[in-house]
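Here the structure comes first, spelled out in structure tokens, and everything after it is commentary.
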Amino acid sequence: MNDSSQLFAASAHCVPPHADNAWERIDRVSFATLAKLYGGLSPFGMGFAHLDWAAHLMCSPGKVLSLLQSLGARDGDDGSAVAAADRRFAHPGWKEWPYLPLRDQFLRTQAFWDQATREVAGVQPHHLHVLNFAARQWVDTLSPSNIWWMNPEVLAASWESGGMNFVRGGLRMASDWRDLLVGDSPGTSPDALAAYRVGKDIAATPGQVVFRNDLFELIRYAPATETTWREPVVLVPSWLLKYYILDLSAHNSLVRYLVHAGHTVFAMSWRNPHAEARDIGLDDYLERGLLQALKEVGKISDSKRVHAAGYCLGGTLLAAAAAALAREPHAGVQLQTMTLLAAQTDFEEPGELGLFMGSSTAAFLDGLMWQQGYLDGKQLAGVFQLLNARDLIWSRLVRDYLLGRTLRVTDMMVWNADTTRLPYRLHSETLRWLYRGNDLAEGRYCWHGEPISLSDIRTPAFLVATERDHISPWKSVYKLHRLCSQDLTFVLASGGHNVGIVAPPGQSHAQFRIGQRKSGQSYRSPQAWLGRNAPVAGSWWPAWQQWLAGHSGERLPVQRPAQEPALGAAPGTYVFG
């Protein structure tokens with residue numbers, strides 16, 4: 001690439017997008033119509049992937065022979081090690097005849113299709129990824145654990161209860177169908193979720209809304225100690241979710257934990273938009289969202305430096321803000337530290353969300369969002385459920401319908417059912433600039449007409465990733481080590497995207513690894529980092545709080561404002577939208 005083409009590539013996204021002409025609008029309507037018929041997905045993407053895979057597999061006799069050889073494996077070559085790690089086969093009955101042969105045959109079938117859809121020469125990597133995922137979903141439907149008369153755990157429960165497990169399961173299935181008929185997800189009817197009320201049982205840490213614009217509300221939480229650290233903490237949630245994932249019940253609220261540790265805490269609560277917000281984009285969320293919030297925090301707290309923590313895409317936005325502030329300091333406030341919770345800055349390997357980032361699928365989804373003016377939260381929730389179908393669909397089928405176990409509603413379930421909508425332009429730019437273009441990591445994301453670079457960030461950073469994250473894979477989160485050189489502390493916590501972050505002290509099963517890269521130290525690969533940092537039992541929250549305290553100034557007596565702004569008590573109004 002010559003100098004002029006490099007310059008164009010670096011600045012292409014700094015040029016405002018052109019307006020659609022009449023012909024392009026006709027195309028968008030066509031794509032939107034087909035997308036509605038196919039659940040927002042491309043009707044052709046899977047076909048292209050199958051054709052690519054099948055054509056190249058036919059040209060790979062060695063691969064075909066290795067697959068045929070795996071089919072001829074003896075029954076003695078069982079998957080005991082694999083089965084031990086698969087919760088579907090945890091019941092001791094799976095180790096006995098006649099269930100053992102069923103289990104082993106299923107595991108061989110699963111291994112066959114996994115091998116068949118990996119490392120086929122010539123196939124586009126995205127197509128292989130799609131086929132591997134599709135094969136896994138198809139094989140999971142055939143698991144003997146899903147069939148009552150093949151599952152020893154279900155048969156044992158039926159014998160012990162006199163068949164009442166099927167009665168309870170049938171009633172639960174009828175309840176789920178009623179939820180679906182009225183537009184709710186199964187198990188999320190208002191009656192089922194009534195045990196946790198927003199503002200009463202969850203999102204109930206005392207505080208006040210101290211600022212509001214058309215994008216977000218800013219909540220300042222009431223101090224719980226006589227003195228607080230000089231620098232406040234600002235929590236930046238993703239716009240894909242309601243902010244109170246960080247303020248659930250009293251026992252697992254990160255907000256409450258920080259307040260009781262002596263921090264002054266602010267949290268952003270994004271507005272849940274409709275079609276009127278269709279033209280609000282990523283730049284708006286950066287400029288009129290996060291940067292405006294930091295400015296207001298500086299004015300209210302009378303502190304020129306703040307700790308900022310971003311969750312998921314809120315962390316991505318925070319990283320962009322940190323790079324922007326490094327280049328062009330903000331008049332109101334600067335970052336003392338930056339914490340990214342399950343947040344990616346490099347989207348080259350975005351995990352299984354990348355399945356929905358192919359050119360064809362992106363075009364059809366963009367057409368659907370363009371017509372609606374937004375992406376509905378229920379459409380997005382379906383994608384996340386599909387990504388973890390084994391735990392969220394098939395395990396639930398066995399637990400609820402076959403074993404007839406009573407569903408225990410949790411605060412996390414209530415939050416998860418409280419979906420959000422995404423403005424068309426915001427989500428379109430997120431997909432195009434971050435997930436597909438990887439512009440932030442590669443220095444093409446622009447602010448005020450000029451590209452920003454993560455390498456400019458000098459703010460100490462604390463990163464948290466989780467071991468079983470389908471949305472922000474930990475090795476992808478880790479890539480910030482290569483993108484900037486400041487002091488960086490990295491934590492790898494047990495659990496997934498949500499449970500690994502909402503991990504308060506006192507959980508017996510929780511563990512984490514922690515390691516620090518000082519400014520100027522050489523890069524270590526994820527596997528090398530893993531080998532150098534042993535697991536530590538417990539929650540990572542205390543380690544983070546100690547890190548925040550170590551990067552804070554002195555503790556000052558709490559100065560309670562004489563009069564709170566008249567914008568209402570926490571959790572505000574936007575959370576109910």
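Here's how to read the names in the structure tokens: chain A, B, ... by the order shown, residue numbers from 1 in each chain, ligand numbers from 1 in the order shown.
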
Next item on the list: Would you mind writing down, as a PyMOL selection string, each residue of segment 57-253 of chain A that DSSP on the backbone assigns to helix (DSSP H, G or I)?
Entry: chain A and resi 57-58+61-71+80-85+87-89+92-95+99-116+125-141+144-146+148-150+152-161+164-181+243-246+250-252

Notebook entry, point to check: If you count only C-alpha atoms, which residues fall within 9 Å of Trp540 of chain A, apart from same-chain ones fewer than 5 positions away, as JSON, numbers by chain?
Noted result: {"A": [464, 491, 492, 493, 501, 503, 504, 505, 510, 511, 512, 513, 514, 545]}

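Note that the spacing between atom CA of Asp247 of chain A and atom CA of Ala203 of chain A amounts to 5.0 Å.
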
Notebook entry, point to check: Given the choices A:Pro423, A:Gly45, A:Gly354, A:Pro473, which gets closest to His497 of chain A if the distance is worked out from only C-alpha atoms?
Noted result: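 Ranked by minimum distance to His497 of chain A, first place goes to A:Pro473.
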
Notebook entry, point to check: So which bits of segment 245-385 of chain A end up strand (DSSP E or B) when you DSSP the backbone, as a PyMOL selection string?
Noted result: chain A and resi 265-270+305-311+334-341+374-375

Would you put the residues from that selection into a file with N, CA, C and O atoms, as a PDB file, in the first residue's frame?
ATOM      1  N   VAL A 265     -19.556   7.377  44.341  1.00  0.00           N
ATOM      2  CA  VAL A 265     -19.867   6.621  43.131  1.00  0.00           C
ATOM      3  C   VAL A 265     -20.931   7.346  42.321  1.00  0.00           C
ATOM      4  O   VAL A 265     -21.959   7.775  42.857  1.00  0.00           O
ATOM      5  N   PHE A 266     -20.658   7.455  41.021  1.00  0.00           N
ATOM      6  CA  PHE A 266     -21.630   7.935  40.047  1.00  0.00           C
ATOM      7  C   PHE A 266     -21.875   6.813  39.040  1.00  0.00           C
ATOM      8  O   PHE A 266     -20.959   6.035  38.737  1.00  0.00           O
ATOM      9  N   ALA A 267     -23.077   6.741  38.507  1.00  0.00           N
ATOM     10  CA  ALA A 267     -23.378   5.752  37.474  1.00  0.00           C
ATOM     11  C   ALA A 267     -24.203   6.401  36.373  1.00  0.00           C
ATOM     12  O   ALA A 267     -25.114   7.196  36.646  1.00  0.00           O
ATOM     13  N   MET A 268     -23.881   6.039  35.132  1.00  0.00           N
ATOM     14  CA  MET A 268     -24.673   6.483  33.990  1.00  0.00           C
ATOM     15  C   MET A 268     -25.799   5.487  33.745  1.00  0.00           C
ATOM     16  O   MET A 268     -25.593   4.274  33.816  1.00  0.00           O
ATOM     17  N   SER A 269     -26.980   5.997  33.452  1.00  0.00           N
ATOM     18  CA  SER A 269     -28.127   5.165  33.091  1.00  0.00           C
ATOM     19  C   SER A 269     -28.601   5.619  31.722  1.00  0.00           C
ATOM     20  O   SER A 269     -29.177   6.704  31.577  1.00  0.00           O
ATOM     21  N   TRP A 270     -28.316   4.800  30.682  1.00  0.00           N
ATOM     22  CA  TRP A 270     -28.656   5.192  29.319  1.00  0.00           C
ATOM     23  C   TRP A 270     -30.168   5.214  29.112  1.00  0.00           C
ATOM     24  O   TRP A 270     -30.887   4.369  29.653  1.00  0.00           O
ATOM     25  N   ARG A 305     -10.027  14.937  38.722  1.00  0.00           N
ATOM     26  CA  ARG A 305      -9.600  13.616  38.281  1.00  0.00           C
ATOM     27  C   ARG A 305     -10.572  12.573  38.828  1.00  0.00           C
ATOM     28  O   ARG A 305     -11.015  12.671  39.973  1.00  0.00           O
ATOM     29  N   VAL A 306     -10.908  11.589  38.001  1.00  0.00           N
ATOM     30  CA  VAL A 306     -11.891  10.576  38.389  1.00  0.00           C
ATOM     31  C   VAL A 306     -11.375   9.196  37.997  1.00  0.00           C
ATOM     32  O   VAL A 306     -10.571   9.040  37.072  1.00  0.00           O
ATOM     33  N   HIS A 307     -11.864   8.193  38.730  1.00  0.00           N
ATOM     34  CA  HIS A 307     -11.712   6.800  38.320  1.00  0.00           C
ATOM     35  C   HIS A 307     -12.926   6.457  37.442  1.00  0.00           C
ATOM     36  O   HIS A 307     -14.066   6.697  37.850  1.00  0.00           O
ATOM     37  N   ALA A 308     -12.700   5.891  36.276  1.00  0.00           N
ATOM     38  CA  ALA A 308     -13.812   5.501  35.404  1.00  0.00           C
ATOM     39  C   ALA A 308     -13.744   4.010  35.141  1.00  0.00           C
ATOM     40  O   ALA A 308     -12.667   3.456  34.900  1.00  0.00           O
ATOM     41  N   ALA A 309     -14.913   3.353  35.209  1.00  0.00           N
ATOM     42  CA  ALA A 309     -15.002   1.907  34.977  1.00  0.00           C
ATOM     43  C   ALA A 309     -16.106   1.641  33.971  1.00  0.00           C
ATOM     44  O   ALA A 309     -17.248   2.059  34.178  1.00  0.00           O
ATOM     45  N   GLY A 310     -15.770   0.965  32.880  1.00  0.00           N
ATOM     46  CA  GLY A 310     -16.740   0.673  31.832  1.00  0.00           C
ATOM     47  C   GLY A 310     -16.976  -0.811  31.690  1.00  0.00           C
ATOM     48  O   GLY A 310     -16.034  -1.615  31.720  1.00  0.00           O
ATOM     49  N   TYR A 311     -18.237  -1.181  31.532  1.00  0.00           N
ATOM     50  CA  TYR A 311     -18.634  -2.592  31.425  1.00  0.00           C
ATOM     51  C   TYR A 311     -19.041  -2.892  29.985  1.00  0.00           C
ATOM     52  O   TYR A 311     -19.842  -2.168  29.399  1.00  0.00           O
ATOM     53  N   GLN A 334     -10.096  14.904  34.104  1.00  0.00           N
ATOM     54  CA  GLN A 334      -9.200  13.921  33.502  1.00  0.00           C
ATOM     55  C   GLN A 334      -9.353  12.586  34.222  1.00  0.00           C
ATOM     56  O   GLN A 334      -9.824  12.522  35.357  1.00  0.00           O
ATOM     57  N   LEU A 335      -8.912  11.525  33.555  1.00  0.00           N
ATOM     58  CA  LEU A 335      -9.016  10.191  34.136  1.00  0.00           C
ATOM     59  C   LEU A 335      -7.828   9.914  35.044  1.00  0.00           C
ATOM     60  O   LEU A 335      -6.673  10.037  34.631  1.00  0.00           O
ATOM     61  N   GLN A 336      -8.126   9.511  36.274  1.00  0.00           N
ATOM     62  CA  GLN A 336      -7.093   9.055  37.204  1.00  0.00           C
ATOM     63  C   GLN A 336      -6.727   7.609  36.899  1.00  0.00           C
ATOM     64  O   GLN A 336      -5.552   7.246  36.873  1.00  0.00           O
ATOM     65  N   THR A 337      -7.734   6.774  36.676  1.00  0.00           N
ATOM     66  CA  THR A 337      -7.532   5.384  36.260  1.00  0.00           C
ATOM     67  C   THR A 337      -8.643   4.999  35.299  1.00  0.00           C
ATOM     68  O   THR A 337      -9.678   5.657  35.200  1.00  0.00           O
ATOM     69  N   MET A 338      -8.432   3.884  34.627  1.00  0.00           N
ATOM     70  CA  MET A 338      -9.410   3.332  33.688  1.00  0.00           C
ATOM     71  C   MET A 338      -9.572   1.846  33.985  1.00  0.00           C
ATOM     72  O   MET A 338      -8.592   1.105  34.014  1.00  0.00           O
ATOM     73  N   THR A 339     -10.810   1.423  34.235  1.00  0.00           N
ATOM     74  CA  THR A 339     -11.108   0.009  34.466  1.00  0.00           C
ATOM     75  C   THR A 339     -12.044  -0.490  33.383  1.00  0.00           C
ATOM     76  O   THR A 339     -13.085   0.123  33.120  1.00  0.00           O
ATOM     77  N   LEU A 340     -11.689  -1.576  32.745  1.00  0.00           N
ATOM     78  CA  LEU A 340     -12.507  -2.177  31.692  1.00  0.00           C
ATOM     79  C   LEU A 340     -12.985  -3.547  32.167  1.00  0.00           C
ATOM     80  O   LEU A 340     -12.175  -4.427  32.455  1.00  0.00           O
ATOM     81  N   LEU A 341     -14.301  -3.701  32.269  1.00  0.00           N
ATOM     82  CA  LEU A 341     -14.907  -4.945  32.751  1.00  0.00           C
ATOM     83  C   LEU A 341     -15.498  -5.707  31.568  1.00  0.00           C
ATOM     84  O   LEU A 341     -16.475  -5.263  30.954  1.00  0.00           O
ATOM     85  N   TYR A 374     -34.470   1.276  15.013  1.00  0.00           N
ATOM     86  CA  TYR A 374     -33.752   0.763  16.176  1.00  0.00           C
ATOM     87  C   TYR A 374     -33.691  -0.754  16.091  1.00  0.00           C
ATOM     88  O   TYR A 374     -34.389  -1.373  15.275  1.00  0.00           O
ATOM     89  N   LEU A 375     -32.852  -1.327  16.939  1.00  0.00           N
ATOM     90  CA  LEU A 375     -32.830  -2.783  17.099  1.00  0.00           C
ATOM     91  C   LEU A 375     -33.518  -3.101  18.410  1.00  0.00           C
ATOM     92  O   LEU A 375     -33.129  -2.595  19.468  1.00  0.00           O
TER      93      LEU A 375
END
